[in-house]
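See structure below.
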Amino acid sequence: MSSAQEFEARILVVEDDPETRATLELLLGARWTVTTAERGDVARDAARAMPFDLVIANVQMPGFSGIELVRLLRADRGTQDLPLILMSRTAGQNETIAGLEAGADDFLVKPFSGRELLVRVQTRLELTAMRRRNAQQEEVLASLQRTLKARDEFLSAASHELRTPITTLSLQTDGLLNTPGAGANGGHRATDERMMRRLKAIRRQVVRLNQLVDQLLDVSRLIEGRLELRPEEVDLQALVIEAIDLMRESATQAGSPVLLRLRPEVVGRWDRIRIGQVITNLLSNAIKFGCGRPIEVELDADETSARVLVRDAGEGILPQEQERIFQRFERATSVQRHPGLGLGLWICKQIVDASHGRIYVQSEPGHGATFSVELPRVY
Amino acid sequence: MNQRPRLLVVDDDVELCESMADALTDAGYDPVTAGDGLRALLVFENGAAPKLILLDLMMPDMNGWQFREQQLRDQKMKDVPVVVMTASRDLRRHPVQADAFLFKPFTLEDLLEQVHRVVSPDGDIRTS
């Protein structure tokens with residue numbers, strides 16, 4: 001049952017008296033693996049050469065005393081943590097103290113009963129086992145932390161690295177789109193239009209790639225707690241219109257018209273880029289999951305707070321999924337059906353939480369989903 | 001004859017340099033490219049000084065920060081405006097002094113907007 005019996009403990013007995021040595025070997029050998037040494041220097045070499053779980057040493061030995069052995073083992077890196085019990089016949093208080101000061105873990109005064117010996121040894125071994133488990137757990141924890149740090153550094157470096165080729169792609173695509181008669185084959189109009197359509201498809205993918213890279217970088221930043229909001233006076237309506245403009249091509253592509261219900265002006269203090277990102281993310285989801293049906297965006301406000309609603313008429317989200325989709329790397333559907341990193345809503349939630357707002361979804365499966373973002377106008 | 005304004009693009013990514021050169025040529029400029037700060041300094045030694053420098057930061061041999069130090073110490077070069085191009089979003093730990101910034105990935109529109117702010121294709125220098 002106890003952990004000390006679970007592992008095959010190895011005990012080194014150091015005793016110059018042959019009779020006592022034999023008794024100890026007999027007593028301890030019934031439960032554990034026992035090695036004996038008759039001199040301190042031999043014991044020291046043995047402890048350095050092979051791993052033991054416990055050393056039991058006599059104090060009074062010719063030449064090399066038990067206390068000296070304890071001191072030497074404690075001074076050596078390989079044996080400094082080795083559990084040590086000293087035994088002594090006379091055991092004045094001074095001797096006990098000297099032994100403990102040298103670094104012994106326990107002191108047995110001769111004559112002692114076999115039972116006392118076994119209990120003390122057992123206790124010492126259990127403590128050792130416990131200490132080892134703790135050390136192992138600490139090691140696992142440290143290793144996990146190192147792995148996480150490496151992952152975050154990698155995410156950061158990778159998204160950083162991806163930005164240069166995206167710039168090149170973007171410049172070339174825009175350059176071609178701007179060239180008069182792009183793709184002209186002797187000015188053939190149909191070919192022109194076809195080429196333009198293809199170039200625009202490339203540009204959409206460039207935009208998408210860039211969003212994915214931003215998400216990756218955001219995750220590493222959010223994990224490190226480095227998301228800093230820069231609130232400024234923002235007209236939420238302008239922000240919503242900007243986001244819709246940005247996503248218009250993808251919406252058209254998906255066949256989902258975006259309908260707008262705005263209020264004249266909703267001004268508050270928010271981080272323009274981050275709140276814009278939240279709205280863009282919600283729109284992007286509505287386009288992705290909206291089954292090509294119309295998407296409604298609604299803006300509403302009162303004295304203290306503003307609310308943006310993004311409503312799609314897609315498949316909707318099951319009640320049990322409605323919490324989960326805001327967690328990292330989660331999605332309501334399978335990756336095969338709707339690819340993505342599963343980070344969009346998690347990032348939205350981090351931004352909205354940091355803005356002291358609230359984000360939630362209302363949905364009835366089969367009847368679409370409405371995502372709401374509520375933001376205090378001043379905080 | 002109307003001289004196209006010379007611009008210097010400094011980036012260790014060859015493809016990006018070439019794409020920027022293409023875009024700037026299309027827009028009526030005379031771009032020259034350099035793969036690092038050392039080569040950028042050579043541009044000043046050989047030929048007409050550029051009206052504007054578009055400078056990447058992370059480069060081998062001489063990086064953007066080091067180039068800036070050199071540039072600001074040199075009478076001939078110190079007044080040429082610099083647009084720093086960077087993929088970083090946080091330059092607080094390694095600040096760099098620049099007239100403007102382009103955050104990668106930037107679009108053609110972003111690029112031309114920043115360049116136009118300093119120099120128009122017909123060579124007018126805007127002083128701010």
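Order determines the names: the first chain of the structure tokens is A, the second B, and so forth; residues in each chain are numbered 1 upward, and ligands are numbered 1 upward as they are shown.
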
Handout entry: strand (DSSP E) positions in region 50-89 of chain A, given as a ChimeraX atom specification
Key = /A:54-58,84-88

File of the preceding selection, N, CA and C atoms, as a compact mmCIF listing (two decimals), in the first residue's frame:
```txt
# COMPACT_ATOMS: atom_id res chain seq x y z
N LEU A 54 18.81 5.16 0.89
CA LEU A 54 19.03 5.45 2.31
C LEU A 54 20.37 4.88 2.75
N VAL A 55 21.05 5.64 3.62
CA VAL A 55 22.28 5.12 4.24
C VAL A 55 22.07 5.09 5.75
N ILE A 56 22.39 3.96 6.35
CA ILE A 56 22.35 3.87 7.81
C ILE A 56 23.79 3.62 8.27
N ALA A 57 24.35 4.56 9.03
CA ALA A 57 25.77 4.44 9.38
C ALA A 57 25.99 4.53 10.88
N ASN A 58 26.93 3.72 11.33
CA ASN A 58 27.33 3.77 12.72
C ASN A 58 28.23 4.99 12.93
N LEU A 84 20.04 10.04 5.25
CA LEU A 84 21.05 9.42 6.11
C LEU A 84 20.52 9.25 7.54
N ILE A 85 20.71 8.03 8.09
CA ILE A 85 20.38 7.81 9.50
C ILE A 85 21.65 7.39 10.22
N LEU A 86 21.95 8.04 11.34
CA LEU A 86 23.13 7.64 12.12
C LEU A 86 22.69 6.77 13.31
N MET A 87 23.61 5.85 13.70
CA MET A 87 23.34 5.02 14.88
C MET A 87 24.51 5.21 15.84
N SER A 88 24.17 5.27 17.13
CA SER A 88 25.26 5.44 18.08
C SER A 88 24.94 4.71 19.38
```

Practice task
Using only C-alpha atoms, determine which residues lie at most 7 Å from region 53-56 of chain B, disregarding the query and same-chain residues fewer than 5 positions distant; provide the list as number ranges by chain.
Solution key: B: 7-11, 64, 81-86

For the selection you just gave me, I'd like the residues written to a file as a PDB file, in the first residue's frame, keeping N, CA and C atoms.
```pdb
ATOM      1  N   LEU B   7      14.300  56.971 -55.106  1.00  0.00           N
ATOM      2  CA  LEU B   7      13.948  56.461 -53.774  1.00  0.00           C
ATOM      3  C   LEU B   7      14.839  55.268 -53.476  1.00  0.00           C
ATOM      4  N   LEU B   8      15.203  55.116 -52.213  1.00  0.00           N
ATOM      5  CA  LEU B   8      16.042  53.979 -51.837  1.00  0.00           C
ATOM      6  C   LEU B   8      15.232  53.001 -50.983  1.00  0.00           C
ATOM      7  N   VAL B   9      15.157  51.764 -51.462  1.00  0.00           N
ATOM      8  CA  VAL B   9      14.452  50.715 -50.716  1.00  0.00           C
ATOM      9  C   VAL B   9      15.490  49.792 -50.087  1.00  0.00           C
ATOM     10  N   VAL B  10      15.453  49.652 -48.759  1.00  0.00           N
ATOM     11  CA  VAL B  10      16.437  48.806 -48.077  1.00  0.00           C
ATOM     12  C   VAL B  10      15.713  47.679 -47.356  1.00  0.00           C
ATOM     13  N   ASP B  11      15.863  46.471 -47.865  1.00  0.00           N
ATOM     14  CA  ASP B  11      15.240  45.299 -47.225  1.00  0.00           C
ATOM     15  C   ASP B  11      16.029  44.065 -47.650  1.00  0.00           C
ATOM     16  N   GLY B  64      18.586  48.073 -39.601  1.00  0.00           N
ATOM     17  CA  GLY B  64      17.976  49.382 -39.791  1.00  0.00           C
ATOM     18  C   GLY B  64      18.348  50.390 -38.712  1.00  0.00           C
ATOM     19  N   PRO B  81      14.641  61.970 -45.563  1.00  0.00           N
ATOM     20  CA  PRO B  81      13.604  61.366 -44.715  1.00  0.00           C
ATOM     21  C   PRO B  81      13.567  59.846 -44.825  1.00  0.00           C
ATOM     22  N   VAL B  82      13.130  59.218 -43.731  1.00  0.00           N
ATOM     23  CA  VAL B  82      13.114  57.752 -43.668  1.00  0.00           C
ATOM     24  C   VAL B  82      11.728  57.245 -43.278  1.00  0.00           C
ATOM     25  N   VAL B  83      11.226  56.274 -44.065  1.00  0.00           N
ATOM     26  CA  VAL B  83      10.021  55.544 -43.681  1.00  0.00           C
ATOM     27  C   VAL B  83      10.474  54.157 -43.235  1.00  0.00           C
ATOM     28  N   VAL B  84      10.218  53.829 -41.988  1.00  0.00           N
ATOM     29  CA  VAL B  84      10.628  52.512 -41.490  1.00  0.00           C
ATOM     30  C   VAL B  84       9.547  51.485 -41.809  1.00  0.00           C
ATOM     31  N   MET B  85       9.976  50.354 -42.375  1.00  0.00           N
ATOM     32  CA  MET B  85       9.035  49.260 -42.679  1.00  0.00           C
ATOM     33  C   MET B  85       9.293  48.145 -41.673  1.00  0.00           C
ATOM     34  N   THR B  86       8.257  47.737 -40.975  1.00  0.00           N
ATOM     35  CA  THR B  86       8.499  46.692 -39.969  1.00  0.00           C
ATOM     36  C   THR B  86       7.318  45.746 -39.820  1.00  0.00           C
TER      37      THR B  86
END
```

Problem - chain B contacts on chain A, only C-alpha atoms, 10 Å, as a ChimeraX atom specification - result: /A:156-157,159-176,178-179,206-207,210,217

Deliver the residues from the most recent selection as a file, using N, CA and C atoms, as a PDB file, in the first residue's frame.
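Saved the output as selection26.pdb:
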```
ATOM      1  N   SER A 156       4.927  33.883 -32.292  1.00  0.00           N
ATOM      2  CA  SER A 156       5.279  35.269 -32.515  1.00  0.00           C
ATOM      3  C   SER A 156       6.261  35.401 -33.696  1.00  0.00           C
ATOM      4  N   ALA A 157       7.293  34.555 -33.681  1.00  0.00           N
ATOM      5  CA  ALA A 157       8.290  34.622 -34.750  1.00  0.00           C
ATOM      6  C   ALA A 157       7.679  34.241 -36.088  1.00  0.00           C
ATOM      7  N   SER A 159       4.488  34.412 -37.119  1.00  0.00           N
ATOM      8  CA  SER A 159       3.590  35.400 -37.695  1.00  0.00           C
ATOM      9  C   SER A 159       4.389  36.618 -38.180  1.00  0.00           C
ATOM     10  N   HIS A 160       5.455  36.923 -37.451  1.00  0.00           N
ATOM     11  CA  HIS A 160       6.345  38.000 -37.854  1.00  0.00           C
ATOM     12  C   HIS A 160       6.943  37.694 -39.222  1.00  0.00           C
ATOM     13  N   GLU A 161       7.425  36.489 -39.336  1.00  0.00           N
ATOM     14  CA  GLU A 161       8.118  36.048 -40.551  1.00  0.00           C
ATOM     15  C   GLU A 161       7.181  36.001 -41.765  1.00  0.00           C
ATOM     16  N   LEU A 162       5.911  35.690 -41.504  1.00  0.00           N
ATOM     17  CA  LEU A 162       4.955  35.545 -42.604  1.00  0.00           C
ATOM     18  C   LEU A 162       4.573  36.895 -43.211  1.00  0.00           C
ATOM     19  N   ARG A 163       4.811  37.946 -42.478  1.00  0.00           N
ATOM     20  CA  ARG A 163       4.315  39.255 -42.932  1.00  0.00           C
ATOM     21  C   ARG A 163       5.050  39.780 -44.161  1.00  0.00           C
ATOM     22  N   THR A 164       6.328  39.474 -44.298  1.00  0.00           N
ATOM     23  CA  THR A 164       7.070  39.987 -45.454  1.00  0.00           C
ATOM     24  C   THR A 164       6.550  39.378 -46.764  1.00  0.00           C
ATOM     25  N   PRO A 165       6.442  38.041 -46.861  1.00  0.00           N
ATOM     26  CA  PRO A 165       5.885  37.503 -48.116  1.00  0.00           C
ATOM     27  C   PRO A 165       4.457  37.968 -48.392  1.00  0.00           C
ATOM     28  N   ILE A 166       3.667  38.185 -47.343  1.00  0.00           N
ATOM     29  CA  ILE A 166       2.300  38.681 -47.574  1.00  0.00           C
ATOM     30  C   ILE A 166       2.363  40.091 -48.176  1.00  0.00           C
ATOM     31  N   THR A 167       3.310  40.895 -47.703  1.00  0.00           N
ATOM     32  CA  THR A 167       3.459  42.241 -48.268  1.00  0.00           C
ATOM     33  C   THR A 167       3.770  42.146 -49.759  1.00  0.00           C
ATOM     34  N   THR A 168       4.713  41.269 -50.101  1.00  0.00           N
ATOM     35  CA  THR A 168       5.091  41.102 -51.502  1.00  0.00           C
ATOM     36  C   THR A 168       3.884  40.686 -52.339  1.00  0.00           C
ATOM     37  N   LEU A 169       3.165  39.667 -51.859  1.00  0.00           N
ATOM     38  CA  LEU A 169       1.967  39.186 -52.569  1.00  0.00           C
ATOM     39  C   LEU A 169       0.970  40.324 -52.773  1.00  0.00           C
ATOM     40  N   SER A 170       0.749  41.070 -51.725  1.00  0.00           N
ATOM     41  CA  SER A 170      -0.235  42.133 -51.755  1.00  0.00           C
ATOM     42  C   SER A 170       0.179  43.226 -52.746  1.00  0.00           C
ATOM     43  N   LEU A 171       1.461  43.600 -52.713  1.00  0.00           N
ATOM     44  CA  LEU A 171       1.940  44.652 -53.626  1.00  0.00           C
ATOM     45  C   LEU A 171       1.813  44.208 -55.074  1.00  0.00           C
ATOM     46  N   GLN A 172       2.200  42.966 -55.348  1.00  0.00           N
ATOM     47  CA  GLN A 172       2.144  42.484 -56.729  1.00  0.00           C
ATOM     48  C   GLN A 172       0.704  42.392 -57.231  1.00  0.00           C
ATOM     49  N   THR A 173      -0.183  41.873 -56.388  1.00  0.00           N
ATOM     50  CA  THR A 173      -1.580  41.731 -56.798  1.00  0.00           C
ATOM     51  C   THR A 173      -2.202  43.101 -57.062  1.00  0.00           C
ATOM     52  N   ASP A 174      -1.997  44.015 -56.114  1.00  0.00           N
ATOM     53  CA  ASP A 174      -2.540  45.363 -56.300  1.00  0.00           C
ATOM     54  C   ASP A 174      -1.948  46.024 -57.525  1.00  0.00           C
ATOM     55  N   GLY A 175      -0.640  45.806 -57.732  1.00  0.00           N
ATOM     56  CA  GLY A 175       0.031  46.390 -58.891  1.00  0.00           C
ATOM     57  C   GLY A 175      -0.610  45.921 -60.180  1.00  0.00           C
ATOM     58  N   LEU A 176      -0.873  44.606 -60.243  1.00  0.00           N
ATOM     59  CA  LEU A 176      -1.499  44.049 -61.455  1.00  0.00           C
ATOM     60  C   LEU A 176      -2.917  44.584 -61.617  1.00  0.00           C
ATOM     61  N   ASN A 178      -4.011  47.360 -60.714  1.00  0.00           N
ATOM     62  CA  ASN A 178      -3.976  48.771 -61.091  1.00  0.00           C
ATOM     63  C   ASN A 178      -3.470  49.017 -62.506  1.00  0.00           C
ATOM     64  N   THR A 179      -2.788  48.004 -63.062  1.00  0.00           N
ATOM     65  CA  THR A 179      -2.232  48.192 -64.401  1.00  0.00           C
ATOM     66  C   THR A 179      -3.371  48.384 -65.394  1.00  0.00           C
ATOM     67  N   VAL A 206      -5.164  37.001 -49.947  1.00  0.00           N
ATOM     68  CA  VAL A 206      -4.083  37.732 -49.272  1.00  0.00           C
ATOM     69  C   VAL A 206      -4.627  38.377 -47.996  1.00  0.00           C
ATOM     70  N   VAL A 207      -5.821  38.968 -48.118  1.00  0.00           N
ATOM     71  CA  VAL A 207      -6.454  39.589 -46.959  1.00  0.00           C
ATOM     72  C   VAL A 207      -6.701  38.524 -45.882  1.00  0.00           C
ATOM     73  N   ASN A 210      -3.586  37.379 -44.162  1.00  0.00           N
ATOM     74  CA  ASN A 210      -3.155  38.399 -43.225  1.00  0.00           C
ATOM     75  C   ASN A 210      -3.960  38.345 -41.936  1.00  0.00           C
ATOM     76  N   LEU A 217      -0.695  35.967 -34.045  1.00  0.00           N
ATOM     77  CA  LEU A 217       0.084  36.890 -33.223  1.00  0.00           C
ATOM     78  C   LEU A 217      -0.723  37.349 -32.017  1.00  0.00           C
TER      79      LEU A 217
END
```

Practice task
Write out as an MDAnalysis selection string the residues lying within 10 Å of Ser120 (chain B), counting only C-alpha atoms and excluding same-chain residues fewer than 5 positions away.
Solution key: chainID B and resid 4:5 27:29 112:113 115 125:126

Generate the output file for the selected residues, C-alpha atoms, as a JSON list (two decimals), in the first residue's frame.
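Written out: selection_17.json:
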```json
[["chain", "number", "residue", "atom", "x", "y", "z"],
["B", 4, "ARG", "CA", 12.12, 60.81, -61.81],
["B", 5, "PRO", "CA", 12.71, 61.18, -58.06],
["B", 27, "ALA", "CA", 4.03, 55.15, -59.77],
["B", 28, "GLY", "CA", 6.64, 57.29, -61.53],
["B", 29, "TYR", "CA", 9.66, 57.02, -59.24],
["B", 112, "LEU", "CA", 2.13, 55.24, -52.10],
["B", 113, "GLU", "CA", 0.39, 57.29, -49.44],
["B", 115, "VAL", "CA", 5.81, 58.09, -50.23],
["B", 125, "ILE", "CA", 9.33, 67.80, -52.10],
["B", 126, "ARG", "CA", 6.80, 68.38, -49.41]]
```

Exercise for the section: Work out how far CA of Val96 (chain B) is from CA of Met58 (chain B), in Å to one decimal. Expected result: 11.9 Å

Handout entry: Distance of CA of Asp41 (chain A) from CA of Leu118 (chain A), expressed in Å to one decimal place
Key =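 Distance reported for this atom pair: 25.6 Å.
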
Practice task
List the neighbours of Pro231 (chain A) out to 9 Å using only C-alpha atoms; skip same-chain residues closer than 4 positions along the sequence, and give me the result as a ChimeraX atom specification.
Solution key: /A:269-272,355

Keeping only C-alpha atoms, write the selected residues as a compact mmCIF listing (two decimals), in the first residue's frame.
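Once everything was written out, this is part27.txt:
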```txt
# COMPACT_ATOMS: atom_id res chain seq x y z
CA ARG A 269 -14.24 55.71 -25.83
CA TRP A 270 -12.94 52.44 -27.25
CA ASP A 271 -9.87 50.99 -28.96
CA ARG A 272 -10.67 51.67 -32.59
CA SER A 355 -13.10 46.74 -22.76
```

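With distances restricted to only C-alpha atoms, B:Leu38 is the closest residue to Phe67 (chain B) from B:Leu38, B:Pro95, B:Asp90, B:Pro50.
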
Exercise for the section: May I have the residues within 9 Å of region 299-313 of chain A as a ChimeraX atom specification, using only C-alpha atoms and disregarding those fewer than 6 positions away in the same chain? Expected result: /A:236-237,240,260-263,266-268,279,282-283,285-287,289-293,357,366-378

Problem - Atom-to-atom span, CA of Leu117 (chain A) and CA of Arg48 (chain A), Å - result: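 Distance between the two atoms: 24.6 Å.
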
Practice task
Tell me which of B:Val118, B:Ala34, B:Ala21, B:Leu102 sits closest to Pro60 (chain B), counting only C-alpha atoms.
Solution key: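 Nearest to Pro60 (chain B): B:Ala34.
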
Problem - Proximity to Phe107 (chain A) - best of A:Gln211, A:Gln93, A:Gln137, A:Thr36, only C-alpha atoms - result: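 Using only C-alpha atoms, Phe107 (chain A) sits closest to A:Gln93.
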
Exercise for the section: Step one, run DSSP on the backbone; step two, keep only residues of region 10-72 of chain A assigned to alpha helix (DSSP H); then write them as a ChimeraX atom specification. Expected result: /A:18-29,40-49,66-72

Could you turn the residues from that selection into a file that holds N, CA and C atoms, as a PDB file, in the first residue's frame?
```pdb
ATOM      1  N   PRO A  18      30.722  -6.827  12.981  1.00  0.00           N
ATOM      2  CA  PRO A  18      30.136  -7.846  12.087  1.00  0.00           C
ATOM      3  C   PRO A  18      28.784  -8.354  12.564  1.00  0.00           C
ATOM      4  N   GLU A  19      28.647  -8.463  13.885  1.00  0.00           N
ATOM      5  CA  GLU A  19      27.406  -9.027  14.417  1.00  0.00           C
ATOM      6  C   GLU A  19      26.228  -8.085  14.165  1.00  0.00           C
ATOM      7  N   THR A  20      26.426  -6.800  14.515  1.00  0.00           N
ATOM      8  CA  THR A  20      25.366  -5.811  14.289  1.00  0.00           C
ATOM      9  C   THR A  20      25.044  -5.716  12.795  1.00  0.00           C
ATOM     10  N   ARG A  21      26.137  -5.754  11.974  1.00  0.00           N
ATOM     11  CA  ARG A  21      25.963  -5.654  10.526  1.00  0.00           C
ATOM     12  C   ARG A  21      25.048  -6.781  10.025  1.00  0.00           C
ATOM     13  N   ALA A  22      25.317  -7.982  10.531  1.00  0.00           N
ATOM     14  CA  ALA A  22      24.531  -9.142  10.095  1.00  0.00           C
ATOM     15  C   ALA A  22      23.075  -9.007  10.534  1.00  0.00           C
ATOM     16  N   THR A  23      22.864  -8.489  11.762  1.00  0.00           N
ATOM     17  CA  THR A  23      21.499  -8.331  12.273  1.00  0.00           C
ATOM     18  C   THR A  23      20.723  -7.332  11.409  1.00  0.00           C
ATOM     19  N   LEU A  24      21.388  -6.212  11.144  1.00  0.00           N
ATOM     20  CA  LEU A  24      20.732  -5.177  10.337  1.00  0.00           C
ATOM     21  C   LEU A  24      20.393  -5.707   8.946  1.00  0.00           C
ATOM     22  N   GLU A  25      21.336  -6.438   8.380  1.00  0.00           N
ATOM     23  CA  GLU A  25      21.125  -6.977   7.043  1.00  0.00           C
ATOM     24  C   GLU A  25      19.924  -7.916   7.029  1.00  0.00           C
ATOM     25  N   LEU A  26      19.822  -8.698   8.079  1.00  0.00           N
ATOM     26  CA  LEU A  26      18.723  -9.664   8.192  1.00  0.00           C
ATOM     27  C   LEU A  26      17.381  -8.946   8.326  1.00  0.00           C
ATOM     28  N   LEU A  27      17.367  -7.957   9.247  1.00  0.00           N
ATOM     29  CA  LEU A  27      16.117  -7.225   9.511  1.00  0.00           C
ATOM     30  C   LEU A  27      15.628  -6.464   8.282  1.00  0.00           C
ATOM     31  N   LEU A  28      16.559  -5.686   7.721  1.00  0.00           N
ATOM     32  CA  LEU A  28      16.174  -4.811   6.607  1.00  0.00           C
ATOM     33  C   LEU A  28      16.030  -5.581   5.297  1.00  0.00           C
ATOM     34  N   GLY A  29      16.862  -6.629   5.179  1.00  0.00           N
ATOM     35  CA  GLY A  29      16.895  -7.395   3.931  1.00  0.00           C
ATOM     36  C   GLY A  29      15.581  -8.101   3.648  1.00  0.00           C
ATOM     37  N   GLY A  40      33.901   3.431   6.616  1.00  0.00           N
ATOM     38  CA  GLY A  40      33.335   4.678   6.104  1.00  0.00           C
ATOM     39  C   GLY A  40      33.800   5.010   4.698  1.00  0.00           C
ATOM     40  N   ASP A  41      35.105   4.840   4.423  1.00  0.00           N
ATOM     41  CA  ASP A  41      35.608   5.202   3.094  1.00  0.00           C
ATOM     42  C   ASP A  41      35.037   4.299   2.008  1.00  0.00           C
ATOM     43  N   VAL A  42      34.842   3.012   2.380  1.00  0.00           N
ATOM     44  CA  VAL A  42      34.246   2.076   1.414  1.00  0.00           C
ATOM     45  C   VAL A  42      32.802   2.510   1.111  1.00  0.00           C
ATOM     46  N   ALA A  43      32.084   2.893   2.204  1.00  0.00           N
ATOM     47  CA  ALA A  43      30.694   3.324   2.048  1.00  0.00           C
ATOM     48  C   ALA A  43      30.610   4.564   1.159  1.00  0.00           C
ATOM     49  N   ARG A  44      31.535   5.502   1.377  1.00  0.00           N
ATOM     50  CA  ARG A  44      31.526   6.729   0.575  1.00  0.00           C
ATOM     51  C   ARG A  44      31.681   6.404  -0.909  1.00  0.00           C
ATOM     52  N   ASP A  45      32.641   5.518  -1.219  1.00  0.00           N
ATOM     53  CA  ASP A  45      32.862   5.156  -2.619  1.00  0.00           C
ATOM     54  C   ASP A  45      31.649   4.447  -3.201  1.00  0.00           C
ATOM     55  N   ALA A  46      31.024   3.590  -2.385  1.00  0.00           N
ATOM     56  CA  ALA A  46      29.852   2.846  -2.862  1.00  0.00           C
ATOM     57  C   ALA A  46      28.705   3.815  -3.165  1.00  0.00           C
ATOM     58  N   ALA A  47      28.515   4.793  -2.250  1.00  0.00           N
ATOM     59  CA  ALA A  47      27.414   5.751  -2.423  1.00  0.00           C
ATOM     60  C   ALA A  47      27.629   6.626  -3.657  1.00  0.00           C
ATOM     61  N   ARG A  48      28.881   6.871  -3.980  1.00  0.00           N
ATOM     62  CA  ARG A  48      29.155   7.651  -5.186  1.00  0.00           C
ATOM     63  C   ARG A  48      28.972   6.816  -6.436  1.00  0.00           C
ATOM     64  N   ALA A  49      29.254   5.523  -6.310  1.00  0.00           N
ATOM     65  CA  ALA A  49      29.258   4.661  -7.490  1.00  0.00           C
ATOM     66  C   ALA A  49      27.861   4.197  -7.871  1.00  0.00           C
ATOM     67  N   GLY A  66      31.165   7.876  11.394  1.00  0.00           N
ATOM     68  CA  GLY A  66      29.878   8.055  10.710  1.00  0.00           C
ATOM     69  C   GLY A  66      29.607   9.517  10.422  1.00  0.00           C
ATOM     70  N   ILE A  67      29.975  10.381  11.388  1.00  0.00           N
ATOM     71  CA  ILE A  67      29.725  11.821  11.217  1.00  0.00           C
ATOM     72  C   ILE A  67      30.554  12.365  10.054  1.00  0.00           C
ATOM     73  N   GLU A  68      31.781  11.875   9.933  1.00  0.00           N
ATOM     74  CA  GLU A  68      32.630  12.294   8.825  1.00  0.00           C
ATOM     75  C   GLU A  68      32.039  11.843   7.485  1.00  0.00           C
ATOM     76  N   LEU A  69      31.506  10.626   7.510  1.00  0.00           N
ATOM     77  CA  LEU A  69      30.877  10.105   6.294  1.00  0.00           C
ATOM     78  C   LEU A  69      29.711  11.001   5.871  1.00  0.00           C
ATOM     79  N   VAL A  70      28.890  11.382   6.864  1.00  0.00           N
ATOM     80  CA  VAL A  70      27.739  12.243   6.573  1.00  0.00           C
ATOM     81  C   VAL A  70      28.225  13.549   5.942  1.00  0.00           C
ATOM     82  N   ARG A  71      29.265  14.133   6.530  1.00  0.00           N
ATOM     83  CA  ARG A  71      29.798  15.400   6.030  1.00  0.00           C
ATOM     84  C   ARG A  71      30.265  15.275   4.583  1.00  0.00           C
ATOM     85  N   LEU A  72      30.976  14.189   4.305  1.00  0.00           N
ATOM     86  CA  LEU A  72      31.518  14.007   2.951  1.00  0.00           C
ATOM     87  C   LEU A  72      30.411  13.796   1.920  1.00  0.00           C
TER      88      LEU A  72
END
```
